[in-house]
Amino acid sequence: MIPLDESVLRWLLAAVVVLPLLGALGALLPAPPGLRGRGPEQAVLRHGVTVTGAVLAAAVVLALGFDHDRPGRMQAQTDLSWVPALGVRLHLGVDGISLPLLVLTALLTFLCALYGYFRMPQGPAPKAFVALLLLLESGSLAAFAVLDLVLFFLAFEMVLVPMYFLIARWGGAGRQHAAWKFVLYTLLGSVVMLLGLLVLGLNAGTFDMVRLAEQHGSGLGHGVQVLAALAIGLGLAVKAPMWPLHSWLPDAHTAAPTTGSVLLAGVLLKMGTYGFVRILLPAVPEGAHTFAPYLAAFGVVGIIYGSLACLALARRGAGGDLKRLVAYSSVGHMGFVLLGIATLTRTGVNGALFANIAHGLVTGLLFFLAGALKDRTGTLDLDALAGRTGAALYGRAPRLGGLLAFGAVASLGLPGLAGFWGELLALLGSYDPAPGLSRPAFLVFLALGALGTLLTAAYLLVVVRRVCAGDPAAEPGPGVFAGTVPDVRGHEFAAWTPLVVLTVLAGLWPALLLGLTEPAVQHLLPGVSR
Amino acid sequence: MTAPTAALATGLAGPGQHLARGAGNPGAPGSAESLVQSVDWAAIAPPTIAAVAALVVLVADLFLGERRKPLLGALAAAALALAGLALLPLVGEDRATFCLTSGSGACSYVADPFTLVVQLLVLGGAFVTALLSLPAVRQERLPAGEFWFLLLSSAAGAALLPAARDLATLVIALEVASLPAFALVGLRRGERLSSEAALKFFLSSVTATAVMLLGVGFVYAATGSLHLRDIAEGLPAVDGRLGTLAATGVVLTLVGFAFKTAAAPFHFWVPETYVGAPVPVAAYLSVVGKAAGFSGLILVTVRAFPSYAHVWGPVLAVLAALTMSVGNLAALRQRPDRPHSAVRLLAWSSVGQAGYLLVPPAAAGWADRPGDPVGATLAYALMYAVVNLGAFAVVCALRPAGGDARIEAHRGLAAGRPVVALALAFFLLCLAGLPPGVIGLFAKVTVFGAAVDAGLGWLAVVMAVNVVIALVYYLRWTAVLFRPGQPSDGARVPFPAPLTAVIALTGVLALAVSGAPQLILRFAGMTLF
C-alpha cells in the first residue's frame with residue numbers, strides 16, 4: 001500500500017523481532033534520568049507500553065509496505081549464516097500467512113501492556129512482569145517470522161519461560177500446579193517435535209523452510225515423511241491444543257492473569273496451527289496426507305468435547321468458572337482450525353488461518369472481559385455471579401454487559417463477525433476434501449462440526465443469559481455477589497476497542513485477510529485445485 | 001617433568017621398534033647419534049610450564065611463612081594462565097616432536113588441532129579450578145603447598161595426555177593426571193568421608209591401570225610397537241597366532257580408559273568421590289579428569305585401533321547407552337533435601353553427560369574416516385566444561401561456611417541474588433539442552449547427528465529419552481531457585497572475589513557461545529588429526 005524499499009522492510013522485520021528483546025533487557029535496568037516518571041513501577045510499566053507500541057507501529061508499517069500484489073512470495077527476507085556446522089541460518093521473512101499473525105501478536109501484546117499499565121495484576125514487582133511480557137512477545141514474533149526449523153524450535157521454546165513465570169507469579173489460585181503442568185506438557189511435546197524436525201532436516205539436507213516447501217517432500221522416503229509428520233505433529237498438537245492433549249489448557253487459562261490468558265489464547269496457541277501450515281503441509285506432504293484423517297477426527301472430537309464441557313460448566317449449580325469455560329471453548333475453536341488444515345484443501349486451510357486470527361481477536365476480548373469482571377466482583381464462579389435470576393450486567397453495567405454479549409455472539413460464529421468465516425470455510429473444505437482422503441469420513445466430520453456450532457451457540461447463549469440478563473433489583477441469594485459493578489473504564493475501552501473493530505471488520509470484509517492468505521496457501525499446496 | 005617423561009617413553013618405544021625391525025632385518029646398522037631426538041620446546045611448552053610451576057610451588061612452600069601462603073595459589077593460577085597462553089603460537093601449525101629418527105619416524109608428542117583443543121579445555125578448566133580453590137584452600141584449611149603442587153601436577157599430566165602419540169606416554173600421562181587427583185580428593189584432613197572417598201577412588205583406579213597396562217603389554221607383544229601410528233598399521237598385519245593376544249590387549253586397554261571416563265559400569269566411584277572431595281576438586285574431576293580420560297580413549301580407539309572398529313564401535317555404543325541411562329536415572333532419584341544433594345546431583349549428571357560424550361567415539365566405529373565424528377565430542381566437552389564449571393562455581397559460592405551443598409538451600413535465590421540465580425539457571429538449562437541454553441541444545445544436536453550419521457538409530461533414541469529424563473531434574477533444580485522461600489544464610493554473605501570472577505567468566509562465555517555457537521561447533525566439522 002505504501003511503496004517501501006525491500007531493505008527497509010528487512011530492517012523493519014528484524015526490528016519487530018529484536019526490539020522486544022532489547023526492551024526486555026532495558027526493563028531490567030534502572031530507568032535513565034528524565035524517564036523516571038512517578039516512580040520506578042510506573043516508569044517500567046510505561047517502558048513496556050512504549051516498546052510494545054513501537055513494535056506494533058513497526059509491524060503496521062511492515063504490513064503497509066508489504067507487497068499486497070504478491071503475498072504468496074516471501075518478503076523482507078534476511079538470510080545470514082549462523083551455525084554453519086549444523087546448517088542453521090538466521091532466515092527471516094514474511095508472507096501472507098505470517099503477516100496477519102505478526103500484526104495480531106504485536107497488537108495483542110500492546111493491548112496487554114496498556115491494560116497492565118493501568119491494572120497491574122496482583123503479584124511481585126512490575127519490573128519482571130514487563131521484562132517477561134517483552135520476552136514473550138519477542139519469542140512469539142520470532143516464531144512467526146523465522147524460516148528455519150531450528151530457529152522455529154528455539155522461538156517455540158523461548159515463550160515457555162516467560163509464560164511459566166507469568167502464570168506462576170502473577171496467577172490466581174492453583175497457579176504453581178497449572179504453570180508446571182503447562183511447561184511439562186509443552187516441553188514433552190516440543191522435545192518430540194525437535195526429534196521430528198531433526199529427522200526432517202537431516203534427511204532433506206536443509207533446515208530452511210522455504211527450500212523444504214520448494215522441494216515439497218521430494219527426496220524424502222515415505223517412512224521418513226510419516227515419522228517426521230508424526231513427531232512434529234505431536235509437538236504442535238500439544239500446543240494447538242488438540243484433544244486429547246489439551247488438558248493443560250483449562251488449568252493454565254484459569255490460573256493465568258488476564259494478560260497471560262489473552263496472550264496464551266491469542267498468540268501461543270496459534271504457533272501450533274501455524275506450524276502445521278508452515279512446516280507440515282508443504283515439507284512432508286505424504287506424511288500430512290497419512291495423518292490428515294486422524295487430525296480431522298481429533299479436531300472434531302475437540303469441537304464436540306469442548307462445547308459439551310462448556311455446556312456442563314454453564315449449567316446452573318455446576319459452579320463453572322467463566323475463564324475455564326472460555327478456555328474449553330478455545331479447544332472447540334481450535335478444533336475447527338485443525339479440521340480445516342486436515343482437509344488439505346485451499347478452502348480448508350484458508351478457513352483455518354482465518355479462524356486462527358478470529359479466535360485470537362474474539363477470545364482475547366473474552367479473556368479481557370472475564371478479567372475485568374473478576375476485578376469487579378472478585379469471582380468468576382457463574383453460580384456466585386448469577387444467583388437465581390442472573391447477574392444482570394445489562395442493568396448494572398450496560399456497556400460491560402453489551403461487550404460480553406458481543407464477544408459471545410462473535411465467538412459462536414454469527415455471520416457478519418469474524419468467527420463466522422473461518423468455521424464456514426473449514427466446514428466447506430471438509431465437504432470436498434483433498435483427493436485421496438475419504439469423502440464419507442469427512443462428511444461425517446462436517447456433520448459433527450456443524451453440530452458443534454449449534455452446541456457452541458447453546459452454551460454461549462446460556463452464559464449471556466446468566467451473566468448479562470437478570471433482574472438487577474432481585475434479592476441476591478446466599479453466597480451470591482451483591483456489590484455494585486462499575487462500568488467500563490477509559491483504559492479498558494482503549495484496550496478493547498481495537499479488538500471489537502477488527503472483529504467487525506474481519507467479519508464484514510473477509511477478503512482483507514483471505515486476499516493475503518490465499519496466494520500464500522496456493523504456494524504451499526501446489527497442484528491442489530480447490 | 002613431562003619432557004623427561006616423553007623422552008623416557010620414546011626411549012622405551014625406540015628400542016622396541018628397533019628390536020622388532022631388527023628381528024626381520026638382522027644386519028641393520030643403527031648409529032648412536034641418529035637415536036638422539038630433537039625437542040621442540042615451544043610445542044611442549046603448555047604441559048611443561050604447568051609441570052615446572054608445580055615443582056616451583058613445592059619448593060617455595062618450604063620457604064614461605066604461613067602468612068605468605070596465599071601467594072602460592074596466585075602463582076599456580078598465573079602459571080596455568082601462562083600455560084594456556086603458550087597454546088597461542090601453536091595454533092595453525094601441526095608441530096610434532098620426540099620423533100623416531102629411524103624407521104617409521106613416528107612421533108610421541110604431536111600438537112595438532114585435537115591436542116590444542118583438549119589442552120585448551122584442560123588448562124582452562126584447571127585455571128578456573130584454581131580460582132575456585134583460592135578461597136576454599138583458606139576456608140577448609142587445606143595444606144596450601146601440597147594442594148597447589150598436586151593440582152598443577154595433575155593439570156600437567158592431563159595436558160600432556162592429548163598430545164601423547166605412544167602408549168607409554170599415554171599411560172604415564174594418565175597416571176600423572178590421576179595420581180595427584182587421589183591425593184586431592186583425600187586432602188581434607190580428619191574427614192572420614194574424604195579419606196574414604198580417596199581410598200575408593202584410588203583402589204578402583206589402580207585396578208583399572210593394572211588392567212590397562214596388561215592390555216598395553218599384549219598390544220606391544222603383538223605389534224612390536226608402542227607408537228599409535230605404528231600400532232594402527234601393525235594390528236591388521238598381526239600374525240594369526242597372535243590374533244587373540246592382540247584382541248585381548250585391545251579390550252583390556254579400553255577397559256582402563258572406560259574407567260577413567262567414568263563410563264558405566266565403572267562409574268560407581270564417582271558420587272562418593274565427588275561428595276567427599278572439596279567442591280573445587282569435584283569440579284576439576286568432572287571437567288578436566290573427564291576430558292583427559294576421553295582424549296585418551298579417542299586416541300586409543302581412533303588412532304591406534306582403527307582396524308578393530310568392529311569391536312570397539314559396538315562396545316562403546318553399548319557403554320554410551322548404559323552410562324547415560326544409569327547416570328540420568330540415578331540423578332533423577334536424588335532428593336533436594338539430602339545432604340550434599342547439589343554435588344551429588346552434579347556428580348550423577350556428569351555420569352549421564354559422559355554417556356553423551358561417548359556417542360561420537362562409538363559412531364567413529366562406523367565412519368569411513370574415524371577421526372571425523374569425534375569432533376562432536378570435543379565440541380560437547382567444551383560446552384560441558386564451561387557450563388559445568390559455572391554450575392560448580394555457584395554451588396561452591398552458595399555453600400554455607402562449613403556446611404554442605406544442598407539444593408534445598410537454593411530456594412528463594414532469585415529473590416535474594418537475582419543475577420546469580422539467573423546464571424545458575426542458565427548453566428542448568430545449558431546442561432539440559434533447553435533454550436535459552438542454546439549451546440547445550442546445539443551440542444546435543446551435533447552428538448545426535450553423529451549417531452544418526454553412523455546409522456545408530458537405536459542409540460539416538462536412547463539419547464533422546466535420556467535428554468527428556470535429564471530435563472526433569474535440571475528443571476526441578478531450576479524451579480527451586482525461583483520458588484519463593486527464605487534465602488539461606490549463605491545467600492547474604494558477599495562472595496569471595498575469585499568466585500565472583502569465575503561465575504562472571506563462565507556466564508559470559510556460556511552466553512557468548514550461545515549467541516555464536518559456531519565458536520565451539522566448528523570443531524565438530526574440522527579435521528582434527
# chains A, B, ... in the order shown; residues from 1 in each chain; ligands from 1
>>> closest_atom_pairs(of="chain A", to="chain B", cutoff="7 Å", atoms="only C-alpha atoms", output="tab-separated table")
residue	atom	partner	partner_atom	distance
A:Val83	CA	B:Gln518	CA	5.1
A:Pro84	CA	B:Gln518	CA	6.8
A:Ala85	CA	B:Arg522	CA	5.8
A:Leu154	CA	B:Pro435	CA	6.1
A:Glu157	CA	B:Pro435	CA	6.2
A:Met158	CA	B:Pro435	CA	6.3
>>> select_by_dssp(residues="segment 233-440 of chain B", states="helix (DSSP H, G or I)", output="PyMOL selection string")
chain B and resi 233-237+240-260+269-276+279-304+306-332+341-364+374-398+407-410+413-416+418-432+438-440
>>> residues_around(residues="Tyr274 of chain A", least_positions_apart="2", cutoff="10 Å", atoms="only C-alpha atoms", output="PDB file with all heavy atoms, in the first residue's frame")
ATOM      1  N   ILE A  97       0.787 -15.575   5.017  1.00  0.00           N
ATOM      2  CA  ILE A  97       0.348 -16.393   6.148  1.00  0.00           C
ATOM      3  C   ILE A  97       0.849 -15.812   7.459  1.00  0.00           C
ATOM      4  O   ILE A  97       0.116 -15.733   8.449  1.00  0.00           O
ATOM      5  CB  ILE A  97       0.861 -17.844   5.977  1.00  0.00           C
ATOM      6  CG1 ILE A  97       0.178 -18.471   4.761  1.00  0.00           C
ATOM      7  CG2 ILE A  97       0.594 -18.649   7.210  1.00  0.00           C
ATOM      8  CD1 ILE A  97       0.658 -19.856   4.447  1.00  0.00           C
ATOM      9  N   SER A  98       2.105 -15.386   7.462  1.00  0.00           N
ATOM     10  CA  SER A  98       2.667 -14.950   8.746  1.00  0.00           C
ATOM     11  C   SER A  98       2.368 -13.482   9.047  1.00  0.00           C
ATOM     12  O   SER A  98       2.329 -13.103  10.219  1.00  0.00           O
ATOM     13  CB  SER A  98       4.171 -15.203   8.776  1.00  0.00           C
ATOM     14  OG  SER A  98       4.782 -14.822   7.588  1.00  0.00           O
ATOM     15  N   LEU A 101      -0.522 -12.842  11.441  1.00  0.00           N
ATOM     16  CA  LEU A 101      -0.202 -13.330  12.786  1.00  0.00           C
ATOM     17  C   LEU A 101       0.778 -12.400  13.485  1.00  0.00           C
ATOM     18  O   LEU A 101       0.682 -12.167  14.697  1.00  0.00           O
ATOM     19  CB  LEU A 101       0.375 -14.745  12.697  1.00  0.00           C
ATOM     20  CG  LEU A 101      -0.662 -15.810  12.368  1.00  0.00           C
ATOM     21  CD1 LEU A 101       0.000 -17.107  11.963  1.00  0.00           C
ATOM     22  CD2 LEU A 101      -1.573 -16.044  13.561  1.00  0.00           C
ATOM     23  N   ALA A 143       8.716 -16.706  16.304  1.00  0.00           N
ATOM     24  CA  ALA A 143       8.160 -17.963  15.804  1.00  0.00           C
ATOM     25  C   ALA A 143       7.453 -17.755  14.474  1.00  0.00           C
ATOM     26  O   ALA A 143       7.500 -18.621  13.594  1.00  0.00           O
ATOM     27  CB  ALA A 143       7.196 -18.549  16.826  1.00  0.00           C
ATOM     28  N   PHE A 144       6.792 -16.597  14.311  1.00  0.00           N
ATOM     29  CA  PHE A 144       6.074 -16.362  13.065  1.00  0.00           C
ATOM     30  C   PHE A 144       6.980 -15.805  11.969  1.00  0.00           C
ATOM     31  O   PHE A 144       6.602 -15.807  10.801  1.00  0.00           O
ATOM     32  CB  PHE A 144       4.901 -15.411  13.297  1.00  0.00           C
ATOM     33  CG  PHE A 144       3.880 -15.957  14.247  1.00  0.00           C
ATOM     34  CD1 PHE A 144       3.426 -15.215  15.318  1.00  0.00           C
ATOM     35  CD2 PHE A 144       3.378 -17.240  14.074  1.00  0.00           C
ATOM     36  CE1 PHE A 144       2.492 -15.745  16.200  1.00  0.00           C
ATOM     37  CE2 PHE A 144       2.447 -17.764  14.946  1.00  0.00           C
ATOM     38  CZ  PHE A 144       1.999 -17.010  16.014  1.00  0.00           C
ATOM     39  N   LEU A 236       3.243 -30.053  17.833  1.00  0.00           N
ATOM     40  CA  LEU A 236       2.383 -28.919  17.516  1.00  0.00           C
ATOM     41  C   LEU A 236       0.984 -29.124  18.098  1.00  0.00           C
ATOM     42  O   LEU A 236       0.328 -28.166  18.509  1.00  0.00           O
ATOM     43  CB  LEU A 236       2.299 -28.747  15.994  1.00  0.00           C
ATOM     44  CG  LEU A 236       3.613 -28.388  15.308  1.00  0.00           C
ATOM     45  CD1 LEU A 236       3.453 -28.443  13.804  1.00  0.00           C
ATOM     46  CD2 LEU A 236       4.074 -27.003  15.736  1.00  0.00           C
ATOM     47  N   ALA A 240      -1.445 -26.655  20.165  1.00  0.00           N
ATOM     48  CA  ALA A 240      -2.590 -26.074  19.442  1.00  0.00           C
ATOM     49  C   ALA A 240      -3.822 -25.733  20.293  1.00  0.00           C
ATOM     50  O   ALA A 240      -4.374 -24.670  20.070  1.00  0.00           O
ATOM     51  CB  ALA A 240      -2.970 -26.967  18.269  1.00  0.00           C
ATOM     52  N   LEU A 269      -1.283 -20.339  21.205  1.00  0.00           N
ATOM     53  CA  LEU A 269      -1.957 -21.466  20.559  1.00  0.00           C
ATOM     54  C   LEU A 269      -1.755 -21.408  19.045  1.00  0.00           C
ATOM     55  O   LEU A 269      -1.701 -22.438  18.382  1.00  0.00           O
ATOM     56  CB  LEU A 269      -3.450 -21.433  20.858  1.00  0.00           C
ATOM     57  CG  LEU A 269      -3.875 -21.429  22.320  1.00  0.00           C
ATOM     58  CD1 LEU A 269      -5.360 -21.692  22.424  1.00  0.00           C
ATOM     59  CD2 LEU A 269      -3.126 -22.484  23.105  1.00  0.00           C
ATOM     60  N   LYS A 270      -1.631 -20.190  18.529  1.00  0.00           N
ATOM     61  CA  LYS A 270      -1.506 -20.033  17.077  1.00  0.00           C
ATOM     62  C   LYS A 270      -0.216 -20.619  16.555  1.00  0.00           C
ATOM     63  O   LYS A 270      -0.112 -20.980  15.390  1.00  0.00           O
ATOM     64  CB  LYS A 270      -1.557 -18.547  16.705  1.00  0.00           C
ATOM     65  CG  LYS A 270      -2.739 -17.822  17.255  1.00  0.00           C
ATOM     66  CD  LYS A 270      -4.018 -18.433  16.725  1.00  0.00           C
ATOM     67  CE  LYS A 270      -5.238 -17.860  17.394  1.00  0.00           C
ATOM     68  NZ  LYS A 270      -5.440 -18.343  18.751  1.00  0.00           N
ATOM     69  N   MET A 271       0.803 -20.692  17.424  1.00  0.00           N
ATOM     70  CA  MET A 271       2.073 -21.251  16.970  1.00  0.00           C
ATOM     71  C   MET A 271       1.885 -22.686  16.516  1.00  0.00           C
ATOM     72  O   MET A 271       2.501 -23.120  15.550  1.00  0.00           O
ATOM     73  CB  MET A 271       3.077 -21.239  18.109  1.00  0.00           C
ATOM     74  CG  MET A 271       3.587 -19.892  18.412  1.00  0.00           C
ATOM     75  SD  MET A 271       4.816 -20.126  19.680  1.00  0.00           S
ATOM     76  CE  MET A 271       5.030 -18.462  20.116  1.00  0.00           C
ATOM     77  N   GLY A 272       1.057 -23.430  17.252  1.00  0.00           N
ATOM     78  CA  GLY A 272       0.829 -24.824  16.888  1.00  0.00           C
ATOM     79  C   GLY A 272       0.222 -24.932  15.505  1.00  0.00           C
ATOM     80  O   GLY A 272       0.745 -25.621  14.625  1.00  0.00           O
ATOM     81  N   PHE A 276       1.676 -26.282  11.698  1.00  0.00           N
ATOM     82  CA  PHE A 276       1.062 -27.256  10.789  1.00  0.00           C
ATOM     83  C   PHE A 276       1.083 -26.736   9.357  1.00  0.00           C
ATOM     84  O   PHE A 276       1.471 -27.425   8.422  1.00  0.00           O
ATOM     85  CB  PHE A 276      -0.400 -27.509  11.194  1.00  0.00           C
ATOM     86  CG  PHE A 276      -0.558 -28.588  12.231  1.00  0.00           C
ATOM     87  CD1 PHE A 276      -0.922 -28.288  13.530  1.00  0.00           C
ATOM     88  CD2 PHE A 276      -0.357 -29.916  11.889  1.00  0.00           C
ATOM     89  CE1 PHE A 276      -1.064 -29.275  14.470  1.00  0.00           C
ATOM     90  CE2 PHE A 276      -0.510 -30.909  12.827  1.00  0.00           C
ATOM     91  CZ  PHE A 276      -0.857 -30.586  14.126  1.00  0.00           C
ATOM     92  N   VAL A 277       0.650 -25.476   9.196  1.00  0.00           N
ATOM     93  CA  VAL A 277       0.518 -24.936   7.836  1.00  0.00           C
ATOM     94  C   VAL A 277       1.891 -24.654   7.238  1.00  0.00           C
ATOM     95  O   VAL A 277       2.140 -24.929   6.069  1.00  0.00           O
ATOM     96  CB  VAL A 277      -0.337 -23.657   7.862  1.00  0.00           C
ATOM     97  CG1 VAL A 277      -0.408 -23.044   6.475  1.00  0.00           C
ATOM     98  CG2 VAL A 277      -1.717 -23.977   8.375  1.00  0.00           C
ATOM     99  N   ARG A 278       2.794 -24.125   8.035  1.00  0.00           N
ATOM    100  CA  ARG A 278       4.074 -23.683   7.509  1.00  0.00           C
ATOM    101  C   ARG A 278       5.046 -24.841   7.285  1.00  0.00           C
ATOM    102  O   ARG A 278       5.821 -24.831   6.334  1.00  0.00           O
ATOM    103  CB  ARG A 278       4.690 -22.658   8.467  1.00  0.00           C
ATOM    104  CG  ARG A 278       6.083 -22.223   8.156  1.00  0.00           C
ATOM    105  CD  ARG A 278       6.205 -21.414   6.907  1.00  0.00           C
ATOM    106  NE  ARG A 278       5.731 -20.057   7.103  1.00  0.00           N
ATOM    107  CZ  ARG A 278       5.282 -19.283   6.101  1.00  0.00           C
ATOM    108  NH1 ARG A 278       5.239 -19.753   4.883  1.00  0.00           N
ATOM    109  NH2 ARG A 278       4.882 -18.068   6.348  1.00  0.00           N
ATOM    110  N   ILE A 279       5.038 -25.814   8.181  1.00  0.00           N
ATOM    111  CA  ILE A 279       6.044 -26.873   8.093  1.00  0.00           C
ATOM    112  C   ILE A 279       5.450 -28.179   7.571  1.00  0.00           C
ATOM    113  O   ILE A 279       5.928 -28.748   6.598  1.00  0.00           O
ATOM    114  CB  ILE A 279       6.688 -27.118   9.472  1.00  0.00           C
ATOM    115  CG1 ILE A 279       7.340 -25.841   9.982  1.00  0.00           C
ATOM    116  CG2 ILE A 279       7.724 -28.219   9.383  1.00  0.00           C
ATOM    117  CD1 ILE A 279       7.845 -25.940  11.385  1.00  0.00           C
ATOM    118  N   LEU A 280       4.401 -28.629   8.250  1.00  0.00           N
ATOM    119  CA  LEU A 280       3.933 -29.990   7.985  1.00  0.00           C
ATOM    120  C   LEU A 280       3.359 -30.142   6.582  1.00  0.00           C
ATOM    121  O   LEU A 280       3.726 -31.047   5.845  1.00  0.00           O
ATOM    122  CB  LEU A 280       2.887 -30.366   9.044  1.00  0.00           C
ATOM    123  CG  LEU A 280       2.977 -31.787   9.534  1.00  0.00           C
ATOM    124  CD1 LEU A 280       4.355 -32.058  10.073  1.00  0.00           C
ATOM    125  CD2 LEU A 280       1.934 -32.045  10.580  1.00  0.00           C
ATOM    126  N   ILE A 341      -7.300 -27.500   8.458  1.00  0.00           N
ATOM    127  CA  ILE A 341      -5.972 -27.891   7.980  1.00  0.00           C
ATOM    128  C   ILE A 341      -6.004 -29.307   7.438  1.00  0.00           C
ATOM    129  O   ILE A 341      -5.421 -29.616   6.402  1.00  0.00           O
ATOM    130  CB  ILE A 341      -4.946 -27.765   9.121  1.00  0.00           C
ATOM    131  CG1 ILE A 341      -4.762 -26.300   9.506  1.00  0.00           C
ATOM    132  CG2 ILE A 341      -3.614 -28.360   8.716  1.00  0.00           C
ATOM    133  CD1 ILE A 341      -3.958 -26.091  10.741  1.00  0.00           C
ATOM    134  N   ALA A 352      -8.885 -22.244   8.077  1.00  0.00           N
ATOM    135  CA  ALA A 352      -8.144 -22.455   9.324  1.00  0.00           C
ATOM    136  C   ALA A 352      -7.365 -21.201   9.701  1.00  0.00           C
ATOM    137  O   ALA A 352      -7.377 -20.764  10.861  1.00  0.00           O
ATOM    138  CB  ALA A 352      -7.206 -23.640   9.172  1.00  0.00           C
ATOM    139  N   LEU A 353      -6.713 -20.604   8.717  1.00  0.00           N
ATOM    140  CA  LEU A 353      -5.916 -19.411   9.015  1.00  0.00           C
ATOM    141  C   LEU A 353      -6.817 -18.257   9.428  1.00  0.00           C
ATOM    142  O   LEU A 353      -6.488 -17.471  10.327  1.00  0.00           O
ATOM    143  CB  LEU A 353      -5.073 -19.030   7.798  1.00  0.00           C
ATOM    144  CG  LEU A 353      -3.948 -20.018   7.494  1.00  0.00           C
ATOM    145  CD1 LEU A 353      -3.321 -19.740   6.147  1.00  0.00           C
ATOM    146  CD2 LEU A 353      -2.894 -19.947   8.598  1.00  0.00           C
ATOM    147  N   ASN A 356      -8.019 -18.880  12.885  1.00  0.00           N
ATOM    148  CA  ASN A 356      -6.898 -18.619  13.782  1.00  0.00           C
ATOM    149  C   ASN A 356      -6.913 -17.167  14.255  1.00  0.00           C
ATOM    150  O   ASN A 356      -6.871 -16.871  15.448  1.00  0.00           O
ATOM    151  CB  ASN A 356      -5.620 -18.852  12.978  1.00  0.00           C
ATOM    152  CG  ASN A 356      -4.661 -19.771  13.653  1.00  0.00           C
ATOM    153  OD1 ASN A 356      -4.964 -20.272  14.731  1.00  0.00           O
ATOM    154  ND2 ASN A 356      -3.532 -19.997  13.066  1.00  0.00           N
TER     155      ASN A 356
END
>>> select_by_dssp(residues="segment 7-237 of chain A", states="strand (DSSP E)", output="list in words")
Gln75, Ala76, Gln77, Thr78, Asp79, Leu80, Ser81, Trp82, Val83, Val88, Arg89, Leu90, His91, Leu92, Gly93 and Val94 of chain A
>>> write_last_selection(atoms="C-alpha atoms", output="PDB file, in the first residue's frame")
ATOM      1  CA  GLN A  75       9.193 -10.833   1.506  1.00  0.00           C
ATOM      2  CA  ALA A  76      11.535  -8.827   3.712  1.00  0.00           C
ATOM      3  CA  GLN A  77      13.929 -11.749   3.785  1.00  0.00           C
ATOM      4  CA  THR A  78      17.093 -11.757   5.844  1.00  0.00           C
ATOM      5  CA  ASP A  79      19.303 -14.776   5.348  1.00  0.00           C
ATOM      6  CA  LEU A  80      22.512 -14.912   7.359  1.00  0.00           C
ATOM      7  CA  SER A  81      24.725 -17.811   8.230  1.00  0.00           C
ATOM      8  CA  TRP A  82      24.615 -18.548  11.953  1.00  0.00           C
ATOM      9  CA  VAL A  83      25.870 -22.050  12.731  1.00  0.00           C
ATOM     10  CA  VAL A  88      21.357 -23.353  10.779  1.00  0.00           C
ATOM     11  CA  ARG A  89      20.724 -19.955   9.220  1.00  0.00           C
ATOM     12  CA  LEU A  90      19.202 -16.752  10.549  1.00  0.00           C
ATOM     13  CA  HIS A  91      16.480 -16.702   7.951  1.00  0.00           C
ATOM     14  CA  LEU A  92      13.597 -14.288   8.483  1.00  0.00           C
ATOM     15  CA  GLY A  93      10.762 -13.379   6.178  1.00  0.00           C
ATOM     16  CA  VAL A  94       7.027 -12.751   5.946  1.00  0.00           C
TER      17      VAL A  94
END
>>> residues_around(residues="segment 461-465 of chain A", least_positions_apart="6", cutoff="7 Å", atoms="only C-alpha atoms", output="JSON, numbers by chain")
{"A": [314, 390, 405]}
>>> write_last_selection(atoms="N, CA and C atoms", output="compact mmCIF listing (two decimals), in the first residue's frame")
# COMPACT_ATOMS: atom_id res chain seq x y z
N ALA A 314 -21.61 -24.32 32.12
CA ALA A 314 -22.55 -23.21 32.12
C ALA A 314 -23.83 -23.54 32.88
N GLY A 390 -29.85 -14.22 37.44
CA GLY A 390 -28.80 -13.82 36.50
C GLY A 390 -28.06 -12.62 37.08
N ALA A 405 -21.77 -9.69 25.66
CA ALA A 405 -22.70 -10.30 24.72
C ALA A 405 -22.12 -10.27 23.31
>>> residues_around(residues="Ser140 of chain A", least_positions_apart="3", cutoff="12 Å", atoms="only C-alpha atoms", output="ChimeraX atom specification")
/A:16-18,20-21,98,101-106,108-109,133-137,143-146,151-160,162-163,263-264,266-272,274
>>> closest_residue(among="B:Pro418, B:Gly157, B:Gly455, B:Gly243", to="Ala128 of chain A", atoms="only C-alpha atoms")
B:Pro418
>>> residues_around(residues="segment 206-218 of chain B", least_positions_apart="6", cutoff="7 Å", atoms="only C-alpha atoms", output="ChimeraX atom specification")
/B:167,245-246,248-250,252-253,255-256,259
>>> write_last_selection(atoms="C-alpha atoms", output="mmCIF file, in the first residue's frame")
data_model
loop_
_atom_site.group_PDB
_atom_site.id
_atom_site.type_symbol
_atom_site.label_atom_id
_atom_site.label_comp_id
_atom_site.auth_asym_id
_atom_site.auth_seq_id
_atom_site.Cartn_x
_atom_site.Cartn_y
_atom_site.Cartn_z
ATOM 1 C CA LEU B 167 51.013 -45.909 24.598
ATOM 2 C CA LEU B 245 46.507 -61.744 22.162
ATOM 3 C CA ALA B 246 46.079 -58.561 20.155
ATOM 4 C CA THR B 248 42.568 -59.177 24.307
ATOM 5 C CA GLY B 249 45.058 -56.350 24.520
ATOM 6 C CA VAL B 250 42.710 -54.000 22.706
ATOM 7 C CA LEU B 252 41.816 -54.583 28.213
ATOM 8 C CA THR B 253 43.260 -51.209 27.197
ATOM 9 C CA VAL B 255 38.541 -51.099 29.906
ATOM 10 C CA GLY B 256 41.160 -48.957 31.578
ATOM 11 C CA PHE B 259 37.106 -46.391 33.991
#
>>> atom_distance(atom1="atom CA of Ala342 of chain A", atom2="atom CA of Tyr431 of chain A")
12.0 Å
>>> closest_residue(among="A:Val362, A:Leu141, A:Leu45, A:Val192", to="Leu230 of chain A", atoms="only C-alpha atoms")
A:Val192
>>> closest_residue(among="B:Ala197, B:Val137, B:Ala106, B:Leu100", to="Ile231 of chain B", atoms="only C-alpha atoms")
B:Ala106
>>> residues_around(residues="Ala54 of chain A", least_positions_apart="3", cutoff="10 Å", atoms="only C-alpha atoms", output="list in words")
Ala15, Val16, Leu19, Pro20, Gly48, Val49, Thr50, Val51, Ala57, Ala58, Ala59, Val60, Ala106 and Phe110 of chain A
